[in-house]
Amino acid sequence: MSHRNWHTVAALLGGAVGMLSSAAAEAQQRRPLPKSVRVVYCVPTDREVRQDYRKAIEAGVVEMQQFYYRSLFGRTFLLNSPIVEIYHPTNEAQWYTDHVPEANPNAEHRFYVSENLSREIRQTLGARRNDPTYRWIFYIDCPPGWGSGAQGLCIMCDADLLGLSGRSKEDKRISRWIGGIGHEFGHALGLPHPPDGYDIHSMMDPEGGFRAYPDTYFAEADRKKLLKHPFIAERKPVAGITQAALYDGGYFVHVGKKRWEERRTDSNSVLYFNETERDDEHIVIHDATRDISVKLPVSDGNCFLSFKGEPWRKFYQIKW
């Protein structure tokens with residue numbers, strides 16, 4: 001897969017994340033939406049809430065929402081407002097790492113965190129496998145366990161928090177840890193690892209693909225499963241129309257700096273554009289190879305086409 005610029009965590013922290021802070025108190029009272037993904041930052045009793053962790057989780061999940069959108073022909077998962085919930089577990093951090101799980105005392109030590117936290121959040125938050133209402137992404141600030149995902153939820157530890165915030169000694173690339181979200185959340189949506197030797201660069205390969213994010217993809221079998229999943233639907237990503245424009249049969253998507261792509265839902269072909277103009281009402285993109293310009297609306301409405309400098313004519317009806 002060719003390299004695609006992904007939206008940097010720094011940009012997201014300065015934009016979408018900052019916009020949420022002023023309404024935090026009100027947003028905390030909102031009920032999560034049905035068929036949504038609940039993202040939960042867990043802060044044990046001997047830890048303090050870290051805003052850099054919260055913002056890094058939010059930025060990573062927003063980026064992954066857009067990756068799913070680009071990969072699934074304009075379909076992705078639904079996030080809430082606020083995107084990240086804060087939860088205070090009942091024990092100190094080391095307890096989750098070292099306590100032998102009552103429900104599964106024979107578990108490997110690396111899975112103690114996920115076993116212990118899963119039992120607690122089932123009782124306190126109602127988070128369970130195959131929840132018909134929510135899918136769950138948990139981050140807990142405790143010593144390294146093993147990131148895990150199963151039907152309905154995934155749990156990651158401080159290795160991922162350090163990675164998303166750019167402080168990992170294991171791998172300083174924030175993109176690798178964003179890829180980790182895509183991989184474990186894929187398990188939460190029911191995707192398995194591929195058979196040995198197959199799709200080694202795909203998102204669900206445990207050794208290759210997600211570690212190379214954004215240079216990864218969903219294998220065709222996984223993509224077909226996701227397109228039928230009840231938590232995946234046509235919807236606008238958090239970033240809005242400045243990043244994507246959906247029409248019946250395809251969509252335009254902003255992939256970084258001035259670069260845009262057009263993708264069709266009935267094929268794997270990709271058309272490439274450069275942004276040439278932007279104002280409060282329209283974004284103009286141009287395909288130099290075919291000498292075609294497209295004028296996208298900033299809100300719902302028609303987009304327009306110009307071939308070789310000819311007058312604009314109506315093209316697609318944009319849904320957003």
# chains A, B, ... in the order shown; residues from 1 in each chain; ligands from 1
>>> closest_atom_pairs(of="segment 15-91 of chain A", to="segment 118-126 of chain A", cutoff="12 Å", atoms="only C-alpha atoms", output="Markdown table")
| residue | atom | partner | partner_atom | distance |
| --- | --- | --- | --- | --- |
| A:Arg38 | CA | A:Leu125 | CA | 10.8 |
| A:Val40 | CA | A:Leu125 | CA | 10.3 |
| A:Cys42 | CA | A:Ile121 | CA | 10.1 |
| A:Glu85 | CA | A:Leu125 | CA | 11.5 |
| A:Ile86 | CA | A:Leu125 | CA | 11.7 |
| A:Tyr87 | CA | A:Leu125 | CA | 9.2 |
| A:His88 | CA | A:Ile121 | CA | 10.4 |
| A:Pro89 | CA | A:Glu120 | CA | 7.8 |
| A:Thr90 | CA | A:Glu120 | CA | 8.4 |
| A:Asn91 | CA | A:Glu120 | CA | 10.0 |
>>> select_by_dssp(residues="segment 53-232 of chain A", states="alpha helix (DSSP H)", output="MDAnalysis selection string")
chainID A and resid 53:71 93:98 112:124 158:164 174:188 220:227
>>> write_last_selection(atoms="C-alpha atoms", output="compact mmCIF listing (two decimals), in the first residue's frame")
# COMPACT_ATOMS: atom_id res chain seq x y z
CA TYR A 53 -2.68 10.86 28.25
CA ARG A 54 -6.33 11.84 27.81
CA LYS A 55 -5.54 14.03 24.82
CA ALA A 56 -3.27 11.40 23.26
CA ILE A 57 -5.98 8.73 23.58
CA GLU A 58 -8.51 11.07 21.99
CA ALA A 59 -6.22 12.04 19.13
CA GLY A 60 -5.34 8.42 18.42
CA VAL A 61 -8.95 7.25 18.38
CA VAL A 62 -10.00 10.14 16.12
CA GLU A 63 -7.19 9.22 13.72
CA MET A 64 -8.27 5.58 13.74
CA GLN A 65 -11.89 6.59 13.07
CA GLN A 66 -10.65 8.27 9.91
CA PHE A 67 -8.53 5.24 8.93
CA TYR A 68 -11.64 3.04 9.16
CA TYR A 69 -13.53 5.64 7.10
CA ARG A 70 -10.90 5.63 4.35
CA SER A 71 -10.67 1.84 4.37
CA ALA A 93 -2.16 0.15 39.60
CA GLN A 94 0.11 -2.71 40.67
CA TRP A 95 -2.87 -4.74 41.90
CA TYR A 96 -4.17 -5.10 38.33
CA THR A 97 -0.74 -6.26 37.20
CA ASP A 98 -0.05 -8.83 39.94
CA TYR A 112 -3.70 -10.43 34.52
CA VAL A 113 -4.46 -6.76 33.77
CA SER A 114 -7.14 -7.52 31.21
CA GLU A 115 -8.65 -10.31 33.36
CA ASN A 116 -8.78 -8.16 36.52
CA LEU A 117 -10.06 -5.02 34.84
CA SER A 118 -12.62 -6.92 32.76
CA ARG A 119 -14.19 -8.38 35.90
CA GLU A 120 -14.41 -4.96 37.57
CA ILE A 121 -15.80 -2.99 34.63
CA ARG A 122 -18.43 -5.64 34.02
CA GLN A 123 -19.71 -4.98 37.55
CA THR A 124 -19.28 -1.18 37.63
CA ASP A 158 0.69 2.15 30.18
CA ALA A 159 2.97 0.96 27.37
CA ASP A 160 0.31 2.21 24.96
CA LEU A 161 -0.27 5.41 26.95
CA LEU A 162 3.44 6.19 26.81
CA GLY A 163 3.49 5.34 23.10
CA LEU A 164 0.51 7.52 22.17
CA ILE A 174 3.31 7.48 17.73
CA SER A 175 1.93 5.92 14.53
CA ARG A 176 2.83 2.43 15.78
CA TRP A 177 0.63 2.92 18.87
CA ILE A 178 -2.24 4.34 16.81
CA GLY A 179 -1.95 1.17 14.74
CA GLY A 180 -2.30 -0.72 18.01
CA ILE A 181 -5.73 0.85 18.50
CA GLY A 182 -6.81 -0.33 15.06
CA HIS A 183 -5.56 -3.87 15.71
CA GLU A 184 -7.06 -4.43 19.17
CA PHE A 185 -10.30 -2.67 18.27
CA GLY A 186 -10.47 -4.91 15.20
CA HIS A 187 -10.55 -7.86 17.62
CA ALA A 188 -13.33 -6.10 19.56
CA GLU A 220 -10.43 -8.25 1.96
CA ALA A 221 -12.09 -10.85 4.21
CA ASP A 222 -11.82 -8.49 7.20
CA ARG A 223 -13.17 -5.56 5.23
CA LYS A 224 -16.22 -7.56 4.16
CA LYS A 225 -16.91 -8.46 7.81
CA LEU A 226 -16.59 -4.85 8.93
CA LEU A 227 -18.90 -3.56 6.19
>>> select_by_dssp(residues="segment 51-207 of chain A", states="strand (DSSP E or B)", output="list in words")
Arg75, Thr76, Leu79, Asn80, Ser81, Pro82, Ile83, Val84, Glu85, Ile86, Tyr87, Tyr134, Arg135, Trp136, Ile137, Phe138, Tyr139, Ile140, Ser148, Gly149, Ala150, Leu153, Cys154, Ile155, Met156 and Ser202 of chain A
>>> write_last_selection(atoms="C-alpha atoms", output="compact mmCIF listing (two decimals), in the first residue's frame")
# COMPACT_ATOMS: atom_id res chain seq x y z
CA ARG A 75 -18.17 3.96 6.74
CA THR A 76 -16.77 4.06 10.25
CA LEU A 79 -17.71 8.29 18.85
CA ASN A 80 -19.33 10.13 21.75
CA SER A 81 -18.88 13.61 23.19
CA PRO A 82 -16.74 13.70 25.19
CA ILE A 83 -14.77 11.13 23.24
CA VAL A 84 -12.80 9.98 26.30
CA GLU A 85 -14.51 9.11 29.59
CA ILE A 86 -12.55 9.10 32.85
CA TYR A 87 -13.05 6.09 35.14
CA TYR A 134 -21.66 -0.35 22.95
CA ARG A 135 -18.19 -1.34 21.92
CA TRP A 136 -15.45 -0.44 24.40
CA ILE A 137 -11.82 0.75 24.25
CA PHE A 138 -10.08 0.86 27.65
CA TYR A 139 -6.71 2.34 28.59
CA ILE A 140 -5.48 1.73 32.14
CA SER A 148 -5.91 -7.56 24.28
CA GLY A 149 -9.14 -7.40 22.35
CA ALA A 150 -12.12 -9.75 22.26
CA LEU A 153 -13.98 -4.64 24.11
CA CYS A 154 -10.23 -4.12 24.16
CA ILE A 155 -7.85 -3.17 26.99
CA MET A 156 -4.43 -1.51 26.75
CA SER A 202 -2.60 -6.14 7.07
>>> closest_residue(among="A:Gly152, A:Lys257, A:Ala245, A:Arg278", to="Arg129 of chain A", atoms="only C-alpha atoms")
A:Gly152
>>> atom_distance(atom1="atom CA of Ala212 of chain A", atom2="atom CA of Gly250 of chain A")
26.6 Å
>>> closest_residue(among="A:Asp46, A:Ile292, A:Lys319, A:Glu170", to="Ser306 of chain A", atoms="only C-alpha atoms")
A:Ile292
